[in-house]
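What's in protein03.cif: mmCIF, C-alpha atoms
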```
data_my_file
#
loop_
_atom_site.label_atom_id
_atom_site.label_comp_id
_atom_site.auth_asym_id
_atom_site.auth_seq_id
_atom_site.Cartn_x
_atom_site.Cartn_y
_atom_site.Cartn_z
CA MET A 1 108.95 117.30 106.80
CA THR A 2 106.54 116.11 109.38
CA ASP A 3 103.66 117.84 107.67
CA THR A 4 101.49 116.48 104.93
CA PRO A 5 103.11 118.00 101.86
CA GLU A 6 101.18 120.38 99.64
CA SER A 7 101.45 117.89 96.83
CA PRO A 8 102.49 114.39 97.88
CA ASP A 9 105.54 113.17 96.04
CA PHE A 10 105.38 109.85 94.27
CA GLN A 11 107.71 107.93 96.55
CA SER A 12 106.05 108.96 99.80
CA LEU A 13 102.69 108.12 98.25
CA VAL A 14 103.91 104.67 97.27
CA ASP A 15 105.47 104.13 100.70
CA GLU A 16 102.31 105.12 102.52
CA TYR A 17 99.75 103.20 100.53
CA TYR A 18 101.19 100.41 98.41
CA GLU A 19 100.91 97.71 101.06
CA ALA A 20 97.29 98.49 101.90
CA LEU A 21 96.44 98.78 98.21
CA TYR A 22 98.07 95.44 97.51
CA ARG A 23 96.09 93.78 100.30
CA PHE A 24 92.90 95.38 99.02
CA GLY A 25 93.68 94.22 95.48
CA TYR A 26 94.58 90.76 96.74
CA SER A 27 91.32 90.47 98.62
CA LEU A 28 89.42 91.32 95.43
CA ALA A 29 91.44 89.50 92.79
CA LYS A 30 92.37 86.52 94.96
CA ASN A 31 95.85 86.18 93.51
CA GLY A 32 99.08 88.04 94.07
CA SER A 33 99.98 88.61 90.45
CA ASP A 34 96.68 90.33 89.64
CA ALA A 35 96.90 92.27 92.88
CA SER A 36 100.37 93.56 91.95
CA ASP A 37 99.09 94.53 88.49
CA LEU A 38 96.15 96.38 90.02
CA VAL A 39 98.45 98.32 92.35
CA GLN A 40 100.81 99.13 89.53
CA GLU A 41 97.99 100.25 87.27
CA THR A 42 96.62 102.41 90.08
CA PHE A 43 99.93 104.20 90.55
CA ARG A 44 100.40 104.47 86.79
CA ILE A 45 97.07 106.28 86.56
CA TRP A 46 98.11 108.44 89.50
CA ALA A 47 101.32 109.31 87.68
CA GLU A 48 99.20 110.36 84.71
CA LYS A 49 96.28 112.09 86.39
CA GLY A 50 97.17 112.61 90.02
CA ASP A 51 98.10 116.25 89.50
CA ALA A 52 94.45 116.98 88.75
CA LEU A 53 93.44 116.05 92.28
CA ARG A 54 93.20 119.36 94.12
CA ASP A 55 92.25 118.09 97.56
CA ASN A 56 95.19 116.16 99.00
CA SER A 57 93.06 114.82 101.83
CA LYS A 58 91.32 112.69 99.22
CA VAL A 59 94.43 110.99 97.90
CA LYS A 60 93.85 107.76 99.83
CA SER A 61 90.23 107.59 98.75
CA TRP A 62 91.24 108.31 95.15
CA LEU A 63 93.78 105.49 95.13
CA PHE A 64 91.40 102.89 96.56
CA THR A 65 88.60 103.97 94.25
CA THR A 66 90.88 103.79 91.24
CA LEU A 67 92.10 100.32 92.19
CA TYR A 68 88.54 99.15 92.68
CA ARG A 69 87.49 100.52 89.28
CA GLU A 70 90.45 98.85 87.64
CA PHE A 71 89.43 95.60 89.30
CA LEU A 72 85.87 95.94 88.01
CA ARG A 73 87.17 96.70 84.55
CA SER A 74 89.57 93.79 84.50
CA ARG A 75 87.28 91.05 85.65
CA ARG A 76 84.77 89.25 83.55
CA ARG A 77 81.57 90.48 85.12
CA ASP A 78 79.25 87.83 83.79
CA ARG A 79 81.37 85.01 85.04
CA PHE A 80 82.04 86.25 88.52
CA HIS A 81 79.31 88.62 89.46
CA ALA A 82 76.39 86.96 91.18
CA ASP A 83 73.83 88.84 93.16
CA VAL A 84 73.52 86.92 96.37
CA GLU A 85 72.05 89.84 98.27
CA ASP A 86 69.08 87.83 99.40
CA ASP A 87 70.93 84.70 100.40
CA VAL A 88 69.88 83.39 103.74
CA LEU A 89 72.93 83.21 105.93
CA ALA A 90 73.40 81.52 109.20
CA ARG A 91 72.95 84.08 111.96
CA ASP A 92 75.79 84.45 114.39
CA PHE A 93 74.51 87.39 116.32
CA ALA A 94 75.57 86.77 119.88
CA ALA A 95 79.09 85.48 119.63
CA PRO A 96 81.67 87.06 117.29
CA ASP A 97 84.32 85.00 119.14
CA THR A 98 87.40 87.16 118.89
CA SER A 99 89.60 84.32 120.14
CA VAL A 100 89.14 82.63 116.78
CA THR A 101 90.48 85.68 114.98
CA ARG A 102 93.46 85.90 117.29
CA ARG A 103 94.52 82.40 116.34
CA VAL A 104 95.05 83.21 112.66
CA ASP A 105 97.92 85.19 111.14
CA GLY A 106 97.80 87.82 108.41
CA ARG A 107 97.97 85.31 105.57
CA GLU A 108 95.16 83.18 107.00
CA ALA A 109 93.08 86.28 107.65
CA MET A 110 93.48 87.22 103.99
CA GLU A 111 92.57 83.71 102.88
CA ALA A 112 89.44 83.84 105.01
CA LEU A 113 88.43 87.18 103.53
CA GLN A 114 88.93 85.83 100.02
CA GLU A 115 86.49 83.02 100.73
CA VAL A 116 83.68 85.44 101.52
CA ASP A 117 81.20 85.96 98.67
CA GLU A 118 82.30 88.81 96.45
CA VAL A 119 79.25 90.96 97.09
CA TYR A 120 80.19 91.01 100.78
CA ARG A 121 83.95 90.86 100.31
CA GLU A 122 84.18 94.25 98.64
CA PRO A 123 82.68 96.27 101.50
CA LEU A 124 84.55 94.12 104.03
CA ALA A 125 87.87 94.81 102.30
CA LEU A 126 87.17 98.54 102.25
CA PHE A 127 86.12 98.41 105.90
CA TYR A 128 89.07 96.42 107.20
CA ILE A 129 91.90 97.32 104.82
CA GLU A 130 91.15 100.88 103.74
CA ASP A 131 89.58 101.59 107.12
CA ALA A 132 86.79 103.32 105.20
CA SER A 133 83.69 104.70 106.87
CA TYR A 134 80.20 103.48 105.97
CA LYS A 135 79.62 106.61 103.90
CA GLU A 136 82.86 106.12 102.03
CA ILE A 137 82.00 102.50 101.30
CA ALA A 138 78.58 103.58 100.04
CA GLU A 139 80.16 106.16 97.73
CA ARG A 140 82.83 103.77 96.53
CA LEU A 141 80.44 100.94 95.71
CA GLU A 142 77.62 103.28 94.69
CA ILE A 143 75.10 101.65 97.00
CA PRO A 144 72.90 103.08 99.79
CA ILE A 145 74.13 103.18 103.39
CA GLY A 146 71.50 100.61 104.38
CA THR A 147 72.90 98.17 101.83
CA VAL A 148 76.40 98.76 103.19
CA MET A 149 75.17 97.88 106.67
CA SER A 150 73.39 94.80 105.40
CA ARG A 151 76.38 93.56 103.40
CA LEU A 152 78.82 94.21 106.21
CA SER A 153 76.61 92.38 108.67
CA ARG A 154 76.22 89.34 106.43
CA GLY A 155 79.83 89.47 105.29
CA LYS A 156 81.09 89.44 108.88
CA ALA A 157 78.83 86.48 109.64
CA GLN A 158 80.37 84.59 106.72
CA LEU A 159 83.84 85.66 107.75
CA ARG A 160 83.38 84.41 111.31
CA SER A 161 82.09 81.11 110.03
CA ILE A 162 85.09 80.71 107.72
CA LEU A 163 87.55 81.68 110.48
CA ARG A 164 85.97 79.17 112.81
CA GLN A 165 86.38 76.40 110.23
CA LYS A 166 90.01 77.37 109.75
CA VAL A 167 90.97 76.97 113.38
CA GLU A 168 88.94 73.83 114.02
CA MET B 1 67.26 93.14 107.65
CA GLU B 2 64.14 94.27 109.54
CA ARG B 3 64.41 97.47 111.53
CA THR B 4 63.72 95.63 114.76
CA ASP B 5 66.11 92.84 113.91
CA PRO B 6 69.00 92.67 116.44
CA ASP B 7 71.42 92.45 113.52
CA TYR B 8 70.06 95.72 112.18
CA LEU B 9 70.25 97.41 115.57
CA LEU B 10 73.81 96.19 116.00
CA GLU B 11 74.80 97.54 112.58
CA CYS B 12 73.20 100.89 113.42
CA LEU B 13 75.33 101.10 116.56
CA LEU B 14 78.49 100.18 114.66
CA ALA B 15 77.70 102.58 111.82
CA GLY B 16 76.79 105.40 114.18
CA GLU B 17 80.03 105.02 116.08
CA ARG B 18 82.11 105.01 112.92
CA ASP B 19 80.19 107.73 111.07
CA PRO B 20 78.82 110.14 113.68
CA SER B 21 77.36 112.27 110.89
CA LEU B 22 74.80 109.49 110.31
CA LEU B 23 73.30 110.44 113.67
CA ASP B 24 72.15 113.73 112.13
CA ASP B 25 69.32 111.69 110.67
CA SER B 26 66.66 111.72 113.39
CA ALA B 27 65.19 108.32 112.45
CA PHE B 28 68.63 106.75 112.51
CA MET B 29 69.42 108.45 115.82
CA ALA B 30 66.19 107.10 117.31
CA THR B 31 67.10 103.57 116.23
CA VAL B 32 70.56 103.93 117.80
CA GLU B 33 69.06 105.24 121.03
CA ALA B 34 66.68 102.28 121.14
CA ALA B 35 69.55 99.87 120.50
CA ARG B 36 71.51 101.34 123.41
CA THR B 37 68.79 100.31 125.81
CA ASP B 38 69.02 96.65 124.79
CA PRO B 39 71.69 94.88 126.91
CA THR B 40 71.91 91.94 124.49
CA VAL B 41 72.56 94.25 121.56
CA MET B 42 75.08 96.26 123.61
CA ARG B 43 76.99 93.11 124.55
CA ALA B 44 77.05 92.03 120.90
CA PHE B 45 78.16 95.56 119.98
CA ARG B 46 81.19 95.38 122.28
CA GLU B 47 82.11 91.93 120.97
CA ALA B 48 81.62 93.00 117.36
CA ARG B 49 83.85 96.02 117.89
CA LEU B 50 86.58 93.84 119.39
CA PHE B 51 86.24 91.40 116.50
CA ASP B 52 86.60 94.25 114.01
CA GLU B 53 89.70 95.63 115.72
CA THR B 54 91.33 92.22 115.94
CA PHE B 55 90.58 91.24 112.36
CA ARG B 56 91.70 94.64 111.05
CA THR B 57 95.04 94.19 112.79
CA GLN B 58 95.44 90.67 111.40
CA ILE B 59 94.48 91.42 107.81
CA ASN B 60 96.82 94.39 107.69
CA GLN B 61 99.71 92.09 108.48
CA ALA B 62 99.12 89.95 105.40
CA PRO B 63 102.39 89.68 103.45
CA VAL B 64 103.17 91.93 100.50
CA PRO B 65 105.68 90.99 97.74
CA GLY B 66 109.12 92.25 98.67
CA ASP B 67 109.86 93.64 95.22
CA LEU B 68 106.56 95.47 94.68
CA ARG B 69 107.75 98.77 96.11
CA ALA B 70 110.81 98.81 93.86
CA ARG B 71 108.64 98.03 90.84
CA LEU B 72 106.29 100.88 91.69
CA LEU B 73 109.11 103.33 92.24
CA GLY B 74 110.32 102.48 88.76
CA LEU B 75 107.07 104.03 87.59
CA THR B 76 107.82 107.63 88.44
CA PRO B 77 105.65 110.34 86.91
CA ALA B 78 108.52 111.38 84.66
CA GLN B 79 108.77 107.89 83.20
CA GLU B 80 105.05 107.34 83.00
CA ALA B 81 104.68 108.47 79.41
CA ASP B 82 106.90 105.61 78.31
CA ALA B 83 105.38 103.05 80.60
CA GLY B 84 101.99 102.76 78.94
CA ASN B 85 100.43 99.42 79.66
CA ALA B 86 103.73 97.61 79.93
CA PRO B 87 103.69 94.50 82.08
CA VAL B 88 105.23 94.63 85.52
CA THR B 89 108.50 93.06 84.47
CA ASP B 90 109.10 95.81 81.92
CA VAL B 91 108.86 98.68 84.36
CA ILE B 92 112.47 98.30 85.43
CA PRO B 93 114.67 97.71 82.39
CA PRO B 94 116.96 94.68 82.68
CA PRO B 95 120.57 95.58 83.48
CA GLN B 96 122.87 95.74 80.48
CA SER B 97 126.58 95.26 80.26
CA PHE B 98 128.48 98.52 80.49
CA TRP B 99 130.93 97.36 77.83
CA SER B 100 128.16 96.46 75.42
CA ASN B 101 127.03 100.08 75.57
CA PHE B 102 130.44 101.63 75.57
CA GLY B 103 130.60 101.92 71.83
CA HIS B 104 127.53 104.14 71.79
CA TRP B 105 128.30 107.83 71.91
CA SER B 106 125.30 108.35 74.16
CA ALA B 107 126.61 105.84 76.65
CA PHE B 108 130.07 107.34 76.41
CA GLY B 109 128.66 110.79 77.01
CA GLY B 110 126.70 109.51 79.99
CA ALA B 111 129.80 107.90 81.45
CA ALA B 112 131.76 111.11 80.98
CA ALA B 113 129.01 113.09 82.67
CA ALA B 114 128.95 110.62 85.55
CA ILE B 115 132.71 110.95 86.00
CA ALA B 116 132.41 114.73 85.93
CA LEU B 117 129.62 114.64 88.50
CA PHE B 118 131.67 112.32 90.68
CA ALA B 119 134.64 114.68 90.50
CA ILE B 120 132.42 117.62 91.38
CA SER B 121 130.89 115.71 94.26
CA LEU B 122 134.37 114.94 95.62
CA THR B 123 135.11 118.65 95.55
CA PHE B 124 131.90 119.90 97.12
CA PHE B 125 130.67 116.95 99.17
CA ARG B 126 130.20 117.70 102.82
CA PRO B 127 129.07 115.12 105.35
CA PRO B 128 126.03 116.03 107.44
CA ALA B 129 126.95 118.87 109.75
CA VAL B 130 127.68 117.80 113.29
CA ALA B 131 125.19 119.62 115.44
CA ASP B 132 126.56 122.36 117.62
CA TRP B 133 123.82 122.33 120.18
CA ASP B 134 123.52 124.46 123.26
CA PRO B 135 124.90 122.54 126.30
CA SER B 136 121.50 122.29 128.00
CA PHE B 137 119.84 120.92 124.86
CA ARG B 138 122.77 118.57 124.28
CA GLU B 139 122.36 117.26 127.82
CA PHE B 140 118.65 116.76 127.22
CA VAL B 141 119.32 114.82 124.02
CA SER B 142 121.85 112.70 125.92
CA ASN B 143 119.18 111.93 128.50
CA VAL B 144 116.83 110.81 125.76
CA GLU B 145 119.54 108.65 124.22
CA SER B 146 120.55 107.03 127.50
CA THR B 147 116.97 105.98 128.25
CA ALA B 148 116.16 104.72 124.74
CA GLY B 149 115.03 101.12 124.86
CA GLN B 150 114.85 100.96 128.64
CA ASN B 151 111.66 99.55 130.14
CA GLU B 152 110.23 99.86 126.68
CA GLU B 153 106.99 97.95 126.59
CA LEU B 154 105.37 99.32 123.46
CA ASP B 155 101.66 99.68 122.93
CA PRO B 156 101.24 97.28 119.99
CA ILE B 157 99.57 99.60 117.49
CA ASN B 158 100.93 99.61 113.97
CA GLN B 159 98.46 101.74 112.03
CA TRP B 160 99.86 105.24 111.71
CA SER B 161 96.55 107.03 112.19
CA GLU B 162 95.74 104.90 115.23
CA VAL B 163 99.17 105.52 116.72
CA ARG B 164 98.58 109.25 116.54
CA SER B 165 95.12 109.11 118.03
CA HIS B 166 96.35 106.70 120.73
CA LEU B 167 99.19 109.01 121.77
CA ALA B 168 96.85 111.99 121.66
CA SER B 169 94.44 110.17 123.97
CA LEU B 170 97.34 109.75 126.41
CA GLY B 171 98.16 113.45 126.19
CA SER B 172 101.38 112.89 124.25
CA PRO B 173 102.36 114.70 121.07
CA SER B 174 103.20 113.01 117.78
CA PRO B 175 104.24 114.13 114.29
CA GLU B 176 101.81 114.25 111.39
CA ARG B 177 104.03 111.85 109.50
CA PRO B 178 107.48 110.31 109.86
CA PRO B 179 110.51 111.57 107.91
CA ARG B 180 110.17 110.76 104.24
CA GLY B 181 112.67 107.90 104.35
CA ILE B 182 110.64 105.97 106.91
CA CYS B 183 107.54 104.21 105.67
CA PRO B 184 104.60 104.60 108.10
CA THR B 185 103.80 100.94 107.56
CA ARG B 186 107.04 100.11 109.38
CA THR B 187 105.44 101.28 112.61
CA VAL B 188 105.56 98.54 115.23
CA GLY B 189 104.29 100.36 118.30
CA CYS B 190 104.30 103.48 120.36
CA LYS B 191 104.56 104.65 123.93
CA ALA B 192 103.73 107.72 125.97
CA LEU B 193 106.69 108.31 128.25
CA GLU B 194 108.64 110.88 130.23
CA VAL B 195 112.31 111.72 129.94
CA ARG B 196 113.52 113.46 133.09
CA GLY B 197 110.00 114.67 133.71
CA VAL B 198 109.38 115.83 130.14
CA LYS B 199 106.42 114.16 128.47
CA ALA B 200 106.99 112.64 125.05
CA GLY B 201 105.29 110.53 122.45
CA MET B 202 107.60 107.83 121.07
CA ILE B 203 106.90 105.85 117.92
CA CYS B 204 108.98 102.81 117.05
CA PHE B 205 109.74 101.63 113.49
CA ASP B 206 111.28 98.36 112.40
CA THR B 207 113.18 99.23 109.23
CA GLU B 208 115.82 97.64 107.06
CA HIS B 209 118.27 99.84 109.00
CA GLY B 210 117.15 98.44 112.33
CA ILE B 211 114.92 99.87 115.01
CA LEU B 212 114.28 103.62 114.81
CA ARG B 213 112.65 105.64 117.58
CA LEU B 214 110.93 108.91 116.82
CA TYR B 215 110.30 111.14 119.83
CA THR B 216 108.04 114.17 119.89
CA PHE B 217 108.26 116.74 122.70
CA ARG B 218 106.42 119.95 123.32
CA ARG B 219 108.77 122.79 122.56
CA ALA B 220 107.92 124.59 125.82
CA ASP B 221 109.12 121.56 127.83
CA VAL B 222 112.49 121.26 126.12
CA PRO B 223 115.56 123.46 126.81
CA LEU B 224 115.88 124.53 123.19
CA LYS B 225 116.65 128.22 122.71
CA ASN B 226 116.58 128.51 118.92
CA CYS B 227 114.51 126.71 116.31
CA ILE B 228 116.14 123.87 114.42
CA ASP B 229 114.47 124.32 111.06
CA ALA B 230 116.28 121.45 109.34
CA PRO B 231 117.40 118.22 111.03
CA GLU B 232 120.78 118.36 112.73
CA PHE B 233 122.74 115.21 113.43
CA ARG B 234 125.05 113.99 116.11
CA ARG B 235 126.45 110.67 117.28
CA ILE B 236 125.62 110.19 120.96
CA GLY B 237 126.31 106.97 122.87
CA ASP B 238 125.11 104.01 120.84
CA HIS B 239 122.90 106.05 118.55
CA SER B 240 122.90 108.56 115.78
CA VAL B 241 120.47 111.31 116.64
CA ALA B 242 118.62 113.75 114.40
CA ALA B 243 116.87 116.66 116.06
CA TRP B 244 114.66 119.35 114.58
CA SER B 245 111.78 121.56 115.60
CA LYS B 246 108.60 122.78 114.00
CA ASP B 247 106.09 125.18 115.47
CA ASP B 248 105.42 124.03 119.04
CA GLU B 249 107.13 120.67 118.84
CA VAL B 250 110.63 119.24 118.94
CA PHE B 251 111.43 115.95 117.22
CA MET B 252 114.26 113.48 117.74
CA LEU B 253 115.01 110.41 115.70
CA LEU B 254 117.33 107.82 117.24
CA GLY B 255 118.80 104.82 115.49
CA ASP B 256 121.82 102.56 115.77
CA MET B 257 123.17 103.54 112.37
CA ASP B 258 125.72 105.71 110.67
CA VAL B 259 125.02 109.46 110.83
CA GLN B 260 125.13 109.78 107.04
CA LEU B 261 122.65 106.94 106.66
CA MET B 262 120.34 108.68 109.09
CA ALA B 263 120.69 111.93 107.14
CA SER B 264 119.56 110.07 104.03
CA LEU B 265 116.18 109.42 105.67
CA PHE B 266 115.26 113.10 105.40
#
```

Re-express the file's structure as structure tokens.
Amino acid sequence: MTDTPESPDFQSLVDEYYEALYRFGYSLAKNGSDASDLVQETFRIWAEKGDALRDNSKVKSWLFTTLYREFLRSRRRDRFHADVEDDVLARDFAAPDTSVTRRVDGREAMEALQEVDEVYREPLALFYIEDASYKEIAERLEIPIGTVMSRLSRGKAQLRSILRQKVE
Amino acid sequence: MERTDPDYLLECLLAGERDPSLLDDSAFMATVEAARTDPTVMRAFREARLFDETFRTQINQAPVPGDLRARLLGLTPAQEADAGNAPVTDVIPPPQSFWSNFGHWSAFGGAAAAIALFAISLTFFRPPAVADWDPSFREFVSNVESTAGQNEELDPINQWSEVRSHLASLGSPSPERPPRGICPTRTVGCKALEVRGVKAGMICFDTEHGILRLYTFRRADVPLKNCIDAPEFRRIGDHSVAAWSKDDEVFMLLGDMDVQLMASLF
């Protein structure tokens, strides 16, 4: 009862992860309806294929990866995907200014994240919502660790700038 | 980013803290060591870490549609084969009038089966057993109940994994997961406390049934003679209490609710 079950039942899996998955989907898709569809599709695929997952410690990772793949599949890549890896961003090295973050609520935090460029938003969403490690983000997005570090650094700089504009 | 760039050094520190296995790489380790000697980078590191913690807390409070859970639970594995790529609104069939179905033999059969099941349940239904605890354990449970909610300034941590690591850092036990009827995302805080000198980890949930408190004690500290393999229930004071034990720990769930409702959480 208080242990992780051998094979997680569907309801406890939904209860444990649906909110985080929805927030992750919402941060990617930028609208609630698409986010709900992504979560539902993720659990539908789990219902179909979840039994094949032998290692229960990887359930969370599997769910987030599946949702992310469904997002990639559903979007129109050409229209939305722009490689802005080399964009020059304003540096904000010395002052993350946590007080700015404390003055926004969950909805505003989500709105701020959605305004970050997609190439940075994806690792940021995995970092903040899935609580994924750098290695997990690298595996999920199929990019090197160094790129994860670079995108997180630039993404956080954008995020701080957006948050600051929101509270001003 | 250049390898001497403060941004790069800062990211190395953050990455190394989050993924200690990265430090197995000697070049990476050397960069982290160099970064640790730079007071400007270290100050930025502390601020960046605080920013991350604060933003993570905020973003994980973003609202989620109230009906999403119900829609997902309509998509059980058994029903999956029929679900296909149906849109969300089709997952839960719209309610139909009982009388419009009554003419169908299948519906009639279903109704008859339901009546039969209801009759059987009336015959065999037993409310949750009232716990017949040893007097010393009963007294201990009463002590827990009487102190519930008193001087209760919770540590405001609502991520399940963080709650557990936080309580562990304070030397207090905690369960691997809450009972199946309590969603971990309902966690609102926790506290390391003592009840009559016995150390406990207490996790608080804000549920549709009100506030629930889940206590974890070390078995050796509690006057419990025999294991309680399955939860046992009792109404004590203002609360319904469920108590059970597993391995070296004893758990108690307290809530201001009906005993049967509490039993349904397990």

Separation of CA of Arg107 in chain A from CA of Val163 in chain B in Å: 23.1 Å

- prompt: To one decimal place, how far is CA of Gly210 in chain B from CA of Ser174 in chain B in Å?
  reply: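 Pair CA of Gly210 in chain B / CA of Ser174 in chain B returns 20.9 Å.
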
task: For the structure shown, which residues end up in the PyMOL selection byres ((chain A and resi 112-117) around 9)? Put them as a PyMOL selection string, please?
output: (chain A and resi 26-30+82+84+107-111+118-122+124-125+155-156+158-160+162-163+166) or (chain B and resi 59)

Could you take the residues named above and write them with C-alpha atoms, as a short mmCIF file (atom, residue, chain, number, x, y, z; two decimals), in the coordinates of the input?
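File produced: result25.cif:
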```cif
data_model
loop_
_atom_site.label_atom_id
_atom_site.label_comp_id
_atom_site.auth_asym_id
_atom_site.auth_seq_id
_atom_site.Cartn_x
_atom_site.Cartn_y
_atom_site.Cartn_z
CA TYR A 26 94.58 90.76 96.74
CA SER A 27 91.32 90.47 98.62
CA LEU A 28 89.42 91.32 95.43
CA ALA A 29 91.44 89.50 92.79
CA LYS A 30 92.37 86.52 94.96
CA ALA A 82 76.39 86.96 91.18
CA VAL A 84 73.52 86.92 96.37
CA ARG A 107 97.97 85.31 105.57
CA GLU A 108 95.16 83.18 107.00
CA ALA A 109 93.08 86.28 107.65
CA MET A 110 93.48 87.22 103.99
CA GLU A 111 92.57 83.71 102.88
CA GLU A 118 82.30 88.81 96.45
CA VAL A 119 79.25 90.96 97.09
CA TYR A 120 80.19 91.01 100.78
CA ARG A 121 83.95 90.86 100.31
CA GLU A 122 84.18 94.25 98.64
CA LEU A 124 84.55 94.12 104.03
CA ALA A 125 87.87 94.81 102.30
CA GLY A 155 79.83 89.47 105.29
CA LYS A 156 81.09 89.44 108.88
CA GLN A 158 80.37 84.59 106.72
CA LEU A 159 83.84 85.66 107.75
CA ARG A 160 83.38 84.41 111.31
CA ILE A 162 85.09 80.71 107.72
CA LEU A 163 87.55 81.68 110.48
CA LYS A 166 90.01 77.37 109.75
CA ILE B 59 94.48 91.42 107.81
#
```

field: Pick from B:Trp244, B:Phe51, B:Phe137, B:Phe28, whichever lies nearest to chain A using all atoms listed in the file
entry: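 Of B:Trp244, B:Phe51, B:Phe137, B:Phe28, the one nearest chain A is B:Phe51, counting all atoms listed in the file.
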
field: Interface list for chain B, partner chain A, 7 Å threshold, all atoms listed in the file, as an NGL selection string
entry: :B and (1 or 7 or 11 or 15 or 18-19 or 44 or 47-48 or 50-51 or 54-56 or 58-64 or 72-73 or 75-77 or 80 or 88 or 175-180 or 183-185)

- request: Could you jot down the CA of Arg196 in chain B to CA of Arg213 in chain B separation for me, Å, one decimal place?
  value: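 Between CA of Arg196 in chain B and CA of Arg213 in chain B the gap works out to 17.4 Å.
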
task: Within 9 Å of Cys204 in chain B, counting all atoms listed in the file, which residues show up once you throw out same-chain ones fewer than 2 positions away? Write them as a list in words, please.
output: Leu154, Arg186, Thr187, Val188, Gly189, Cys190, Lys191, Met202, Asp206, Ile211, Leu212, Arg213, Leu214 and Tyr215 of chain B

- request: For the file shown, report as a ChimeraX atom specification the outcome of the PyMOL selection byres ((chain B and resi 255) around 7) at residue level.
  value: /B:211-213,239-241,253-254,256-257

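For Pro135 in chain B, the list of residues within 12 Å, based on all atoms listed in the file and with local chain neighbours fewer than 6 positions off taken out, reads Val141, Ser142, Pro223, Leu224 and Lys225 of chain B.
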